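The structure file target_23.txt is reproduced below (compact mmCIF, C-alpha atoms).
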```
# COMPACT_ATOMS: atom_id res chain seq x y z
CA MET N 534 86.81 157.62 -85.54
CA THR N 535 87.68 160.61 -83.40
CA TRP N 536 90.82 160.43 -81.31
CA GLU N 537 89.80 160.89 -77.68
CA ARG N 538 93.01 160.54 -75.67
CA GLY N 539 94.34 163.98 -74.79
CA ARG N 540 91.18 165.75 -75.95
CA ASP N 541 90.93 167.91 -72.81
CA GLU N 542 94.55 169.06 -73.13
CA VAL N 543 94.17 169.87 -76.83
CA ASP N 544 90.88 171.67 -76.19
CA GLN N 545 92.72 173.77 -73.61
CA LEU N 546 95.54 174.52 -76.08
CA ILE N 547 92.87 175.71 -78.52
CA ALA N 548 91.11 177.79 -75.85
CA ASP N 549 94.44 179.36 -74.87
CA GLY N 550 95.16 180.32 -78.49
CA GLU N 551 98.21 178.07 -78.73
CA VAL N 552 96.68 175.66 -81.25
CA GLU N 553 94.08 176.44 -83.90
CA ARG N 554 91.75 174.45 -86.09
CA VAL N 555 92.54 174.43 -89.81
CA VAL N 556 91.40 172.39 -92.78
CA PRO N 557 92.65 168.82 -92.27
CA SER N 558 95.26 167.92 -94.87
CA VAL N 559 96.76 164.56 -95.62
CA ASP N 560 98.72 166.25 -98.42
CA LEU N 561 100.35 168.68 -96.00
CA ALA N 562 101.09 165.82 -93.63
CA SER N 563 102.77 163.92 -96.46
CA ARG N 564 104.87 166.94 -97.35
CA LEU N 565 105.95 167.41 -93.73
CA MET N 566 106.82 163.71 -93.44
CA ALA N 567 108.89 163.94 -96.64
CA ASP N 568 110.72 166.97 -95.21
CA ALA N 569 111.37 165.04 -92.01
CA ALA N 570 112.79 162.06 -93.92
CA ALA N 571 115.08 164.38 -95.91
CA HIS N 572 116.27 166.05 -92.69
CA VAL N 573 117.09 162.67 -91.14
CA SER N 574 118.97 161.60 -94.24
CA LEU N 575 121.05 164.76 -94.27
CA ALA N 576 121.62 164.68 -90.50
CA SER N 577 122.96 161.13 -90.70
CA LYS N 578 125.59 162.31 -93.19
CA GLY N 579 126.75 165.15 -90.93
CA LEU N 580 127.17 163.39 -87.59
CA GLU N 581 130.96 163.59 -87.68
CA ASP N 582 131.55 166.83 -89.56
CA ASP N 583 128.74 168.94 -88.08
CA PRO N 584 127.18 167.39 -84.98
CA ALA N 585 125.40 170.63 -84.05
CA GLY N 586 123.86 170.82 -87.52
CA ALA N 587 122.87 167.16 -87.35
CA LEU N 588 121.19 167.77 -84.00
CA GLN N 589 119.30 170.76 -85.42
CA LEU N 590 118.13 168.78 -88.45
CA SER N 591 117.07 165.90 -86.21
CA TYR N 592 115.03 168.25 -84.05
CA ASP N 593 113.39 169.79 -87.12
CA ALA N 594 112.57 166.31 -88.43
CA ALA N 595 110.88 165.35 -85.16
CA ARG N 596 108.99 168.66 -84.96
CA LYS N 597 107.75 168.44 -88.56
CA THR N 598 106.64 164.87 -87.95
CA ALA N 599 104.61 165.98 -84.94
CA ALA N 600 103.11 168.81 -87.02
CA ALA N 601 102.17 166.23 -89.69
CA LEU N 602 100.05 164.30 -87.20
CA LEU N 603 98.25 167.50 -86.27
CA ALA N 604 97.75 168.44 -89.93
CA VAL N 605 95.75 165.26 -90.49
CA GLN N 606 93.58 166.28 -87.55
CA GLY N 607 93.11 169.81 -88.82
CA LEU N 608 95.24 171.35 -86.08
CA ARG N 609 98.34 173.54 -86.11
CA SER N 610 100.16 175.67 -83.62
CA THR N 611 99.72 179.40 -83.59
CA THR N 612 102.64 181.79 -83.33
CA ARG N 613 101.75 182.06 -79.66
CA GLY N 614 101.96 178.31 -79.13
CA GLY N 615 104.90 177.63 -81.43
CA HIS N 616 106.92 174.45 -81.19
CA ILE N 617 105.91 173.79 -77.59
CA ALA N 618 102.21 173.63 -78.46
CA VAL N 619 102.88 171.12 -81.25
CA MET N 620 104.77 168.90 -78.84
CA ASP N 621 102.20 169.30 -76.06
CA ALA N 622 99.32 168.37 -78.39
CA VAL N 623 101.10 165.33 -79.76
CA ARG N 624 102.34 164.15 -76.37
CA ALA N 625 98.87 164.52 -74.83
CA GLN N 626 97.24 162.47 -77.56
CA PHE N 627 99.75 159.88 -78.63
CA ASN N 628 102.31 159.29 -75.89
CA ASP N 629 101.54 155.96 -74.24
CA ARG N 630 103.19 152.74 -73.27
CA GLY N 631 102.18 151.00 -76.51
CA GLY N 632 105.41 151.86 -78.29
CA MET N 633 104.54 155.53 -78.73
CA GLU N 634 106.25 156.87 -75.58
CA VAL N 635 108.77 158.52 -77.88
CA PHE N 636 106.53 161.59 -78.12
CA GLY N 637 107.36 162.29 -74.47
CA ARG N 638 110.99 162.80 -75.49
CA LEU N 639 110.28 165.73 -77.80
CA HIS N 640 110.57 168.41 -75.13
CA GLY N 641 113.99 167.13 -74.07
CA LEU N 642 115.17 167.24 -77.67
CA ARG N 643 113.78 170.77 -78.01
CA ARG N 644 115.61 171.93 -74.89
CA ARG N 645 118.87 170.38 -76.14
CA ARG N 646 118.43 172.05 -79.50
CA ASN N 647 117.75 175.39 -77.81
CA ARG N 648 120.93 175.14 -75.72
CA THR N 649 122.78 174.62 -79.00
CA GLU N 650 121.07 177.41 -80.94
CA TYR N 651 121.06 179.96 -78.09
CA PRO N 652 124.14 179.07 -76.03
CA ASP N 653 125.67 180.84 -73.10
CA GLU N 654 129.12 180.29 -71.64
CA GLN N 655 127.95 177.29 -69.63
CA SER N 656 126.16 175.58 -72.55
CA PRO N 657 127.84 172.34 -73.52
CA GLY N 658 128.96 171.90 -77.08
CA VAL N 659 127.42 169.21 -79.24
CA ASN N 660 129.44 166.08 -79.85
CA GLU N 661 128.81 163.17 -82.16
CA ASP N 662 127.09 161.16 -79.42
CA ASP N 663 124.63 164.02 -78.78
CA ALA N 664 123.85 164.24 -82.49
CA HIS N 665 123.44 160.47 -82.77
CA GLN N 666 121.02 160.45 -79.83
CA ALA N 667 118.97 163.26 -81.43
CA LEU N 668 118.94 161.38 -84.73
CA GLU N 669 117.70 158.21 -83.04
CA THR N 670 114.90 160.17 -81.36
CA ALA N 671 113.89 161.71 -84.69
CA ARG N 672 113.84 158.29 -86.35
CA ALA N 673 111.72 156.87 -83.52
CA VAL N 674 109.26 159.77 -83.78
CA ILE N 675 108.96 159.27 -87.53
CA ASP N 676 108.42 155.53 -87.10
CA ALA N 677 105.72 156.04 -84.46
CA ALA N 678 103.99 158.72 -86.55
CA GLU N 679 104.02 156.51 -89.64
CA ARG N 680 102.31 153.77 -87.63
CA LEU N 681 99.65 156.23 -86.48
CA LEU N 682 99.11 157.61 -89.97
CA GLU N 683 98.85 154.12 -91.46
CA SER N 684 96.42 153.00 -88.77
CA GLY N 685 93.61 155.09 -90.24
CA ARG N 686 92.58 156.06 -86.71
CA LEU N 687 93.29 159.77 -87.08
CA SER N 688 90.43 161.97 -88.13
CA PRO N 689 89.66 165.68 -87.88
CA PHE N 690 89.74 166.88 -84.31
```
Whole structure, structure tokens version:
Amino acid sequence: MTWERGRDEVDQLIADGEVERVVPSVDLASRLMADAAAHVSLASKGLEDDPAGALQLSYDAARKTAAALLAVQGLRSTTRGGHIAVMDAVRAQFNDRGGMEVFGRLHGLRRRRNRTEYPDEQSPGVNEDDAHQALETARAVIDAAERLLESGRLSPF
């Protein structure tokens, strides 16, 4: 079964050179999902001591999870598209009201992570609540992706 939702947007990302076709890989997806789970585990241990680090790890977990979904489809971002293209492709295809709306929150998490990694004088610091919120988003993204992967509905794009 070919995934049709978001096809036009993903085709445009490919045409724009932001996403490219690669050999589909369940093995790569599994490795990315394992990395994401490890990041979440480590982030949960650092909420108090290093909230900025926990937020960064949570973001990386969510991003790698999104990349895992694309890997199964034989898609990956190019250096031109970067993290934004991964999130755009996943949001276009999988964000809906059926419990998968979490993919729409990825850009907000990316922007929060960027304000932490590339701060200016007005950038807020990261507190434990910020890190906890990022961790919850990462966990929700992983859960939604696991449901998609287990559904057997994903096939090469």
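With distances restricted to all atoms listed in the file, N:Leu588 is the closest residue to Ala664 (chain N) from N:Met620, N:Ala604, N:Leu588, N:Leu681.
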Compile the contact shell of Arg538 (chain N) as an NGL selection string: residues with an atom at most 8 Å away, counting all atoms listed in the file, same-chain residues fewer than 2 positions apart removed.
:N and (536 or 540 or 625-627)
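CA of Glu679 (chain N) sits 20.0 Å away from CA of Gln666 (chain N).
CA of Asp582 (chain N) lies 17.6 Å from CA of Glu669 (chain N).
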From the list N:Thr611, N:Leu668, N:Ile547, N:Glu634, which residue is nearest Leu575 (chain N) when using all atoms listed in the file?
N:Leu668
Please report, as lines of an AutoDock Vina configuration file, the centre and edge lengths in Å to one decimal of an axis-aligned box covering all listed atoms of region 543-561 of chain N with 8 Å per side.
```
center_x = 95.6
center_y = 172.4
center_z = -86.0
size_x = 25.5
size_y = 31.8
size_z = 40.8
```
Of N:Asn628, N:Gln589, N:Ser610, N:Ser563, the one sitting nearest Asn647 (chain N) when using only C-alpha atoms is N:Gln589
Please provide the set of residues having any atom within 12 Å of Gln545 (chain N), restricted to only C-alpha atoms, with same-chain residues fewer than 3 positions apart removed, written as JSON, numbers by chain.
{"N": [539, 540, 541, 542, 548, 549, 550, 551, 552, 553, 614, 618, 621, 622, 625]}
Got a sec: who's within 8 Å of Arg596 (chain N), counting all atoms listed in the file, leaving out chain neighbours fewer than 2 positions off, as a PDB file with C-alpha atoms, keeping the file's coordinate frame?
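Wrote around22.pdb, looks like this:
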```pdb
ATOM      1  CA  TYR N 592     115.030 168.250 -84.050  1.00  0.00           C
ATOM      2  CA  ASP N 593     113.390 169.790 -87.120  1.00  0.00           C
ATOM      3  CA  ALA N 594     112.570 166.310 -88.430  1.00  0.00           C
ATOM      4  CA  THR N 598     106.640 164.870 -87.950  1.00  0.00           C
ATOM      5  CA  ALA N 599     104.610 165.980 -84.940  1.00  0.00           C
ATOM      6  CA  ALA N 600     103.110 168.810 -87.020  1.00  0.00           C
ATOM      7  CA  HIS N 616     106.920 174.450 -81.190  1.00  0.00           C
ATOM      8  CA  VAL N 619     102.880 171.120 -81.250  1.00  0.00           C
ATOM      9  CA  MET N 620     104.770 168.900 -78.840  1.00  0.00           C
ATOM     10  CA  LEU N 639     110.280 165.730 -77.800  1.00  0.00           C
TER      11      LEU N 639
END
```
Pick from N:Pro657, N:Pro689, N:Gly641, N:Pro652 nearest to Ala595 (chain N), counting all atoms listed in the file:
N:Gly641
Using CA of Gly658 (chain N) and CA of Ala567 (chain N) as the two end points, give the distance in Å to one decimal.
29.1 Å
Any idea what's packed within 12 Å of Ala667 (chain N), counting all atoms listed in the file, ignoring anything in its chain fewer than 2 positions away? Could you give it as a VMD selection string?
chain N and resid 572 to 573 576 to 577 580 584 to 596 635 638 to 646 659 to 665 669 to 674
Using all atoms listed in the file, can you tell me which of N:Glu654, N:Ile675, N:Val623, N:Phe690 comes closest to Val555 (chain N)?
N:Phe690
Among N:Glu650, N:Asp568, N:Ser688, N:Ala677, Gly637 (chain N) is approached most closely, using only C-alpha atoms, by N:Ala677
